[in-house]
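Following: one structure in structure tokens, then a few remarks.
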Amino acid sequence: MEQKRKILFFTAELTPLLSTGGLAEVAGALPRALKAHGHDVRVIMPCYASIPAEHRGEQRNMAVADLGTHRAHGALRESRVPGTDIPLYLVEHDGYFGRPAPYGSDAYEYEDNAERFCFFGIAGLDGIKQTGWRPDVVHCHDWHSSPVPTYLRTMLGDDPFWGGMATVFTIHNLAFQGRYRAGRFASTGFPREYFSPEAFEYEGDMNLMKACIKFAHKLTTVSPRYAKEIQTLEYGEGLDGVLRTRAGDLQGILNGVDYTVWNPEIDPHIAAPYSADDLGGKARCKAALQRGFGLPESPDTPLFGIVSRLVWQKGIDLLADAMDDLAALGVQVVILGTGARDLEHRVREAARRYPEQVAVHFGYDIPRSHRVQAGSDFFLMPSRYEPCGLSQLYALRYGTVPIVRRTGGLADSVHDFNTVHRRKGTATGIVYVPNTAQSIVRAVNRAVQLYRDSEALAVIIRTGMDADFSWTRSCEAYERCYAEAIKAT
Ligand code: ADP
Ligand code: GLC
């Protein structure tokens, strides 16, 4: 039995308060899973303008950060993670977080993002200290929270309250590092001497994540395969060398699924419930999805769903390149997403060319994402890289066969229906390798063949629906990681 711990999560996103993707879901679900294991978990995030008043709780105390160029004054509010009794602390500062979006507009980040998120970390630590609750371990997520382990191990190393604090840093996406011009370093709160290759300096710029990779006691990322990939030139985003120096402290822990939310037997958003034993409702979900997206209701046409940020990482440009060939295969494709303008334009054009076959809905729409999962026959994820990926895990539970590129967490969670996996009874989807439009077309073509072989398809669907990606296993891996981080202090 693991010891009960006090764990503080620093995150920039949390479902359902602020979400741009998987980070928010993990920050919402993992604390709940840890809490169920008996730990005292608390979460801290910025108090964005978009967070509704009823979730903002009470002001607890002031929270101050010395940012070098000036002292910034904010407040710490105490609320609850919605739907739970997990304490949620919100770092309030109207100048920094009272803006329309968390990070900036589509094309432009806010130019003071380094300062904003350094304030979040430093003021957050100040506010928590004043509550008197001292965690055993501070667990930070992605670049926005990356100043925290660095600050704890440098500026607060001898602090009577924070000194000797164990730190864990989880990389959800290495592409976003908090890299800014050197001139911005002055307002981060770190003294000039830390602008060195041993800490923040990276090719003449400052890099918040790089320093954290050097200083956090333990590093994790969200799948075993991505943990290996990021130590290579191809996937390392320039930080592979630094990551290799920490290889002994870096591990991949696959994300889990919250099956109280993602379960077709009880999902309130879908047209009809269904289960592995009775798939009847899935056909109704398919018809409803076709209607909902304005496509002809055609039970025998294989339907491919996509729910994704429409960005380069997700291979949406390759999908757009493949669209004419996909249409020629006679399939239907529904896309739910938002993202880069040019990619939105390209998928909109495809829908215009093939109004009976391709349909798009732009927007971040959670109920609709459940309907795409439930109503599709196949779920497409042509990602260039994928640290974990959650949608393929949902697809498995919804009996929607995932088609994924062999990378990161996709490779760790989906087994291709090749002869080996079919013989072993472990096949759950379609996995392809080359990162090209042609390989998407080939994979979809394989899916169409599979769709016509109802016996083989039924076995694959069943195996996927029975697979267990609940948080329990990952939770135990994090517990071991926390123990190691504490030992390393
Ligand atoms: P990433 O975090 O890189 O975007 P993940 O697969 O980990 O990728 O998580 C994406 C999550 O965001 C999934 O739960 C998916 O359902 C959700 N999502 C993405 N786009 C949308 C959208 N347009 N509407 C609703 N949910 C979305
Ligand atoms: C990131 C990754 C995604 C992962 C998510 C949650 O956004 O792109 O693959 O599932 O974080 O860890």
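Chain identifiers are assigned as A, B, and so on, following the order in which chains appear in the structure tokens; residues are numbered from 1 within each chain, and ligands are numbered from 1 in order of appearance.
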Ligand 1: which residues are within 9 Å, counting only C-alpha atoms and all ligand atoms, as a compact mmCIF listing (two decimals) with N, CA, C and O atoms, in the first residue's frame?
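After the write, out-v6.txt holds the following:
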```txt
# COMPACT_ATOMS: atom_id res chain seq x y z
N SER A 19 -10.41 24.62 -21.36
CA SER A 19 -9.90 23.45 -22.06
C SER A 19 -9.56 23.79 -23.49
O SER A 19 -10.39 24.36 -24.20
N THR A 20 -8.33 23.46 -23.92
CA THR A 20 -8.06 23.52 -25.35
C THR A 20 -7.68 22.13 -25.86
O THR A 20 -7.40 21.97 -27.03
N GLY A 21 -7.64 21.14 -24.99
CA GLY A 21 -7.29 19.79 -25.44
C GLY A 21 -7.08 18.84 -24.29
O GLY A 21 -7.65 19.03 -23.21
N GLY A 22 -6.23 17.86 -24.52
CA GLY A 22 -6.07 16.75 -23.59
C GLY A 22 -5.51 17.13 -22.22
O GLY A 22 -5.86 16.51 -21.22
N LEU A 23 -4.64 18.14 -22.16
CA LEU A 23 -4.08 18.56 -20.88
C LEU A 23 -5.18 18.82 -19.85
O LEU A 23 -5.10 18.39 -18.70
N ALA A 24 -6.22 19.53 -20.28
CA ALA A 24 -7.32 19.88 -19.38
C ALA A 24 -8.00 18.63 -18.84
O ALA A 24 -8.36 18.55 -17.66
N GLU A 25 -8.15 17.63 -19.71
CA GLU A 25 -8.83 16.42 -19.27
C GLU A 25 -7.99 15.64 -18.27
O GLU A 25 -8.51 15.10 -17.29
N VAL A 26 -6.68 15.58 -18.53
CA VAL A 26 -5.80 14.87 -17.60
C VAL A 26 -5.76 15.61 -16.26
O VAL A 26 -5.84 15.00 -15.19
N HIS A 172 3.29 17.17 -21.66
CA HIS A 172 2.15 16.72 -22.47
C HIS A 172 2.40 17.00 -23.94
O HIS A 172 1.80 16.38 -24.81
N ASN A 173 3.20 18.01 -24.19
CA ASN A 173 3.50 18.35 -25.58
C ASN A 173 4.80 19.14 -25.61
O ASN A 173 4.87 20.26 -25.13
N ASN A 255 -1.78 8.02 -20.28
CA ASN A 255 -2.98 8.63 -19.70
C ASN A 255 -4.09 7.58 -19.59
O ASN A 255 -4.08 6.57 -20.29
N ILE A 306 -13.67 12.32 -37.06
CA ILE A 306 -12.46 13.02 -36.60
C ILE A 306 -12.90 14.08 -35.60
O ILE A 306 -13.82 14.85 -35.89
N VAL A 307 -12.26 14.09 -34.44
CA VAL A 307 -12.46 15.17 -33.47
C VAL A 307 -11.05 15.62 -33.11
O VAL A 307 -10.28 14.86 -32.53
N SER A 308 -10.72 16.85 -33.47
CA SER A 308 -9.31 17.20 -33.33
C SER A 308 -9.08 18.69 -33.39
O SER A 308 -9.86 19.42 -34.02
N ARG A 309 -8.00 19.13 -32.76
CA ARG A 309 -7.49 20.45 -33.10
C ARG A 309 -7.04 20.35 -34.56
O ARG A 309 -6.37 19.38 -34.95
N LEU A 310 -7.41 21.33 -35.36
CA LEU A 310 -7.06 21.26 -36.79
C LEU A 310 -5.71 21.94 -36.98
O LEU A 310 -5.63 23.11 -37.35
N GLN A 313 0.30 19.28 -36.17
CA GLN A 313 0.61 18.10 -35.34
C GLN A 313 -0.31 16.94 -35.68
O GLN A 313 0.10 15.78 -35.70
N LYS A 314 -1.57 17.26 -35.94
CA LYS A 314 -2.58 16.21 -36.09
C LYS A 314 -2.67 15.69 -37.52
O LYS A 314 -3.55 14.88 -37.84
N ILE A 335 -16.05 15.71 -39.58
CA ILE A 335 -14.93 16.35 -38.87
C ILE A 335 -15.48 17.37 -37.89
O ILE A 335 -16.28 18.24 -38.27
N LEU A 336 -15.04 17.27 -36.64
CA LEU A 336 -15.36 18.29 -35.64
C LEU A 336 -14.03 18.86 -35.15
O LEU A 336 -13.16 18.11 -34.71
N GLY A 337 -13.88 20.17 -35.25
CA GLY A 337 -12.62 20.74 -34.78
C GLY A 337 -12.52 22.24 -35.00
O GLY A 337 -13.38 22.85 -35.64
N THR A 338 -11.47 22.79 -34.42
CA THR A 338 -11.11 24.18 -34.71
C THR A 338 -9.60 24.23 -34.79
O THR A 338 -8.93 23.33 -34.30
N GLY A 339 -9.10 25.29 -35.38
CA GLY A 339 -7.64 25.40 -35.43
C GLY A 339 -7.17 26.40 -36.45
O GLY A 339 -7.74 27.49 -36.57
N HIS A 361 -17.94 20.41 -38.84
CA HIS A 361 -18.49 21.37 -37.88
C HIS A 361 -17.32 22.03 -37.17
O HIS A 361 -16.51 21.35 -36.55
N PHE A 362 -17.24 23.36 -37.27
CA PHE A 362 -16.15 24.07 -36.60
C PHE A 362 -16.62 24.51 -35.22
O PHE A 362 -17.72 25.04 -35.07
N GLY A 363 -15.78 24.29 -34.23
CA GLY A 363 -16.12 24.72 -32.88
C GLY A 363 -15.62 23.69 -31.88
O GLY A 363 -15.29 22.56 -32.26
N TYR A 364 -15.54 24.10 -30.62
CA TYR A 364 -15.18 23.18 -29.56
C TYR A 364 -16.47 22.79 -28.86
O TYR A 364 -17.07 23.59 -28.16
N ASP A 365 -16.95 21.59 -29.13
CA ASP A 365 -18.31 21.22 -28.75
C ASP A 365 -18.28 19.81 -28.15
O ASP A 365 -18.25 18.80 -28.87
N ILE A 366 -18.27 19.76 -26.81
CA ILE A 366 -18.07 18.47 -26.14
C ILE A 366 -19.22 17.48 -26.40
O ILE A 366 -18.97 16.33 -26.77
N PRO A 367 -20.50 17.89 -26.24
CA PRO A 367 -21.58 16.92 -26.55
C PRO A 367 -21.45 16.35 -27.97
O PRO A 367 -21.63 15.15 -28.19
N ARG A 368 -21.13 17.20 -28.91
CA ARG A 368 -21.01 16.74 -30.29
C ARG A 368 -19.83 15.77 -30.45
O ARG A 368 -19.87 14.84 -31.24
N SER A 369 -18.75 16.01 -29.67
CA SER A 369 -17.60 15.10 -29.77
C SER A 369 -18.02 13.69 -29.32
O SER A 369 -17.57 12.70 -29.89
N HIS A 370 -18.91 13.61 -28.34
CA HIS A 370 -19.41 12.29 -27.92
C HIS A 370 -20.24 11.65 -29.05
O HIS A 370 -20.17 10.44 -29.26
N GLN A 373 -17.94 10.24 -31.67
CA GLN A 373 -17.36 8.97 -31.19
C GLN A 373 -18.38 7.83 -31.32
O GLN A 373 -18.04 6.74 -31.78
N MET A 381 -6.98 9.23 -36.77
CA MET A 381 -5.98 10.10 -36.13
C MET A 381 -4.65 10.02 -36.88
O MET A 381 -3.76 9.25 -36.50
N GLU A 386 2.22 12.22 -31.38
CA GLU A 386 1.10 12.21 -30.43
C GLU A 386 1.59 11.74 -29.08
O GLU A 386 1.78 10.54 -28.86
N PRO A 387 1.81 12.67 -28.16
CA PRO A 387 2.35 12.30 -26.84
C PRO A 387 1.53 11.17 -26.20
O PRO A 387 2.10 10.18 -25.74
N CYS A 388 0.23 11.30 -26.16
CA CYS A 388 -0.61 10.17 -25.75
C CYS A 388 -1.78 10.04 -26.72
O CYS A 388 -1.90 9.08 -27.43
N GLY A 389 -2.61 11.09 -26.73
CA GLY A 389 -3.85 10.99 -27.50
C GLY A 389 -4.91 10.37 -26.60
O GLY A 389 -4.68 9.33 -25.99
N LEU A 390 -6.02 11.03 -26.49
CA LEU A 390 -7.12 10.50 -25.68
C LEU A 390 -8.23 9.96 -26.58
O LEU A 390 -8.89 8.98 -26.25
N SER A 391 -8.40 10.61 -27.73
CA SER A 391 -9.56 10.26 -28.57
C SER A 391 -9.55 8.81 -29.02
O SER A 391 -10.61 8.19 -29.11
N GLN A 392 -8.36 8.26 -29.29
CA GLN A 392 -8.35 6.85 -29.71
C GLN A 392 -8.76 5.94 -28.57
O GLN A 392 -9.34 4.87 -28.78
N LEU A 393 -8.49 6.38 -27.32
CA LEU A 393 -8.90 5.57 -26.17
C LEU A 393 -10.42 5.61 -26.02
O LEU A 393 -11.05 4.60 -25.71
N TYR A 394 -11.00 6.80 -26.26
CA TYR A 394 -12.47 6.90 -26.22
C TYR A 394 -13.07 6.05 -27.33
O TYR A 394 -14.05 5.33 -27.13
```
Who sits within 10 Å of region 222-224 of chain A, only C-alpha atoms, same chain under 2 positions skipped, as a PyMOL selection string: chain A and resi 26+170-173+220+226-229+250-256+386-389+408-413+474
Neighbouring residues of Arg244 (chain A) were defined as those with any atom within 10 Å, considering only C-alpha atoms; residues of the same chain fewer than 5 positions away were excluded. Please report them as an MDAnalysis selection string. chainID A and resid 228 230:232 236 239 249:250
Can you list, as a PyMOL selection string, every protein, DNA or RNA residue that comes within 6 Å of region 430-440 of chain A when you count only C-alpha atoms, leaving out same-chain residues fewer than 2 positions away? chain A and resi 318+321-322+403-406+416+442-443
Tyr151 (chain A) surroundings by only C-alpha atoms, 10 Å radius, close-in-sequence under 3 positions cut, as a PyMOL selection string: chain A and resi 118+121-122+125+146-148+154-157+189-190+211-212+215-216
Please, could you write that set of residues out with N, CA and C atoms as a PDB file, in the first residue's frame?
```pdb
ATOM      1  N   CYS A 118       5.103  33.004 -15.331  1.00  0.00           N
ATOM      2  CA  CYS A 118       6.014  33.062 -14.181  1.00  0.00           C
ATOM      3  C   CYS A 118       5.264  33.646 -12.989  1.00  0.00           C
ATOM      4  N   GLY A 121       3.129  30.934 -11.431  1.00  0.00           N
ATOM      5  CA  GLY A 121       3.887  29.979 -10.611  1.00  0.00           C
ATOM      6  C   GLY A 121       4.370  30.578  -9.304  1.00  0.00           C
ATOM      7  N   ILE A 122       4.993  31.744  -9.411  1.00  0.00           N
ATOM      8  CA  ILE A 122       5.641  32.320  -8.222  1.00  0.00           C
ATOM      9  C   ILE A 122       4.583  32.823  -7.233  1.00  0.00           C
ATOM     10  N   LEU A 125       2.861  29.861  -5.559  1.00  0.00           N
ATOM     11  CA  LEU A 125       3.625  29.307  -4.426  1.00  0.00           C
ATOM     12  C   LEU A 125       3.499  30.203  -3.199  1.00  0.00           C
ATOM     13  N   SER A 146       6.054  25.214 -15.882  1.00  0.00           N
ATOM     14  CA  SER A 146       7.454  24.784 -15.765  1.00  0.00           C
ATOM     15  C   SER A 146       8.330  25.715 -14.923  1.00  0.00           C
ATOM     16  N   PRO A 147       7.991  27.011 -14.752  1.00  0.00           N
ATOM     17  CA  PRO A 147       8.841  27.816 -13.859  1.00  0.00           C
ATOM     18  C   PRO A 147       8.807  27.333 -12.409  1.00  0.00           C
ATOM     19  N   VAL A 148       7.779  26.562 -12.036  1.00  0.00           N
ATOM     20  CA  VAL A 148       7.599  26.228 -10.611  1.00  0.00           C
ATOM     21  C   VAL A 148       8.712  25.317 -10.069  1.00  0.00           C
ATOM     22  N   THR A 154      15.697  26.612  -6.993  1.00  0.00           N
ATOM     23  CA  THR A 154      16.734  27.650  -7.011  1.00  0.00           C
ATOM     24  C   THR A 154      16.401  28.719  -5.965  1.00  0.00           C
ATOM     25  N   MET A 155      15.418  29.545  -6.278  1.00  0.00           N
ATOM     26  CA  MET A 155      15.112  30.689  -5.421  1.00  0.00           C
ATOM     27  C   MET A 155      14.586  30.274  -4.044  1.00  0.00           C
ATOM     28  N   LEU A 156      13.874  29.141  -3.992  1.00  0.00           N
ATOM     29  CA  LEU A 156      13.265  28.742  -2.716  1.00  0.00           C
ATOM     30  C   LEU A 156      13.962  27.532  -2.096  1.00  0.00           C
ATOM     31  N   GLY A 157      15.154  27.223  -2.610  1.00  0.00           N
ATOM     32  CA  GLY A 157      15.876  26.039  -2.118  1.00  0.00           C
ATOM     33  C   GLY A 157      16.073  26.057  -0.606  1.00  0.00           C
ATOM     34  N   GLY A 189      11.361  36.954 -12.946  1.00  0.00           N
ATOM     35  CA  GLY A 189      11.558  36.733 -11.513  1.00  0.00           C
ATOM     36  C   GLY A 189      12.814  35.931 -11.204  1.00  0.00           C
ATOM     37  N   PHE A 190      13.518  35.478 -12.233  1.00  0.00           N
ATOM     38  CA  PHE A 190      14.770  34.755 -12.016  1.00  0.00           C
ATOM     39  C   PHE A 190      15.940  35.714 -12.254  1.00  0.00           C
ATOM     40  N   ALA A 211      14.819  24.819 -18.670  1.00  0.00           N
ATOM     41  CA  ALA A 211      15.325  24.934 -17.298  1.00  0.00           C
ATOM     42  C   ALA A 211      14.639  23.913 -16.398  1.00  0.00           C
ATOM     43  N   CYS A 212      13.352  23.744 -16.598  1.00  0.00           N
ATOM     44  CA  CYS A 212      12.606  22.807 -15.757  1.00  0.00           C
ATOM     45  C   CYS A 212      13.085  21.371 -15.966  1.00  0.00           C
ATOM     46  N   PHE A 215      15.921  20.956 -13.786  1.00  0.00           N
ATOM     47  CA  PHE A 215      15.787  21.075 -12.333  1.00  0.00           C
ATOM     48  C   PHE A 215      14.769  20.136 -11.673  1.00  0.00           C
ATOM     49  N   ALA A 216      13.715  19.753 -12.365  1.00  0.00           N
ATOM     50  CA  ALA A 216      12.693  18.922 -11.699  1.00  0.00           C
ATOM     51  C   ALA A 216      13.316  17.595 -11.267  1.00  0.00           C
TER      52      ALA A 216
END
```
In Å, rounded to a single decimal, give me how far CA of His144 (chain A) is from CA of Thr11 (chain A).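 Between CA of Thr11 (chain A) and CA of His144 (chain A) the gap works out to 7.3 Å.
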So which residues of region 92-186 of chain A fall under alpha helix (DSSP H) by DSSP, listed as a count of residues only? 34
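The closest residue to Ala327 (chain A), picked from A:Asn445, A:Ser298, A:Thr15, A:Gln130 and counting only C-alpha atoms, is A:Asn445.
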Rounded to one decimal place, report the CA of Leu34 (chain A)-CA of Ala12 (chain A) distance in Å.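 CA of Ala12 (chain A) lies at a distance of 19.1 Å from CA of Leu34 (chain A).
For the choices A:His141, A:His421, A:Arg346, A:Lys286, the atom-to-atom distance to ligand 2 is smallest for A:His141 when using only C-alpha atoms and all ligand atoms.
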With only C-alpha atoms and all ligand atoms as the basis for distance, which of A:Asp158, A:Val242, A:Tyr194, A:Arg384 is at the shortest distance from ligand 2?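 Using only C-alpha atoms and all ligand atoms, the shortest distance to ligand 2 belongs to A:Arg384.
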Using only C-alpha atoms, which protein or nucleic acid residues come within 7 Å of Ala271 (chain A)? Drop anything in the same chain fewer than 5 positions from it, and give the result as an MDAnalysis selection string. chainID A and resid 284:285 288
When distances are computed from only C-alpha atoms and all ligand atoms, which of A:Ala29, A:Phe379, A:Glu198, A:Arg60 shows the smallest separation from ligand 2?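 Smallest distance to ligand 2 is found for A:Ala29.
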Residues of region 109-212 of chain A that have any atom at most 6 Å from an atom of region 91-104 of chain A: could you tabulate them with the shortest-distance atom pair and the distance in Å to one decimal, using only C-alpha atoms, ordered by chain and increasing number, as a Markdown table?
```
| residue | atom | partner | partner_atom | distance |
| --- | --- | --- | --- | --- |
| A:Glu109 | CA | A:Gly104 | CA | 4.3 |
| A:Tyr110 | CA | A:Gly104 | CA | 4.8 |
| A:Arg116 | CA | A:Tyr96 | CA | 5.7 |
```
Quick one: distance from CA of Gly315 (chain A) to CA of Thr407 (chain A) in Å, one decimal?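 One can read the CA of Gly315 (chain A) to CA of Thr407 (chain A) distance as 12.1 Å.
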Among listed residues A:Lys214, A:Arg134, A:Arg225, A:Arg56, nearest ligand 2 (using only C-alpha atoms and all ligand atoms): A:Arg225
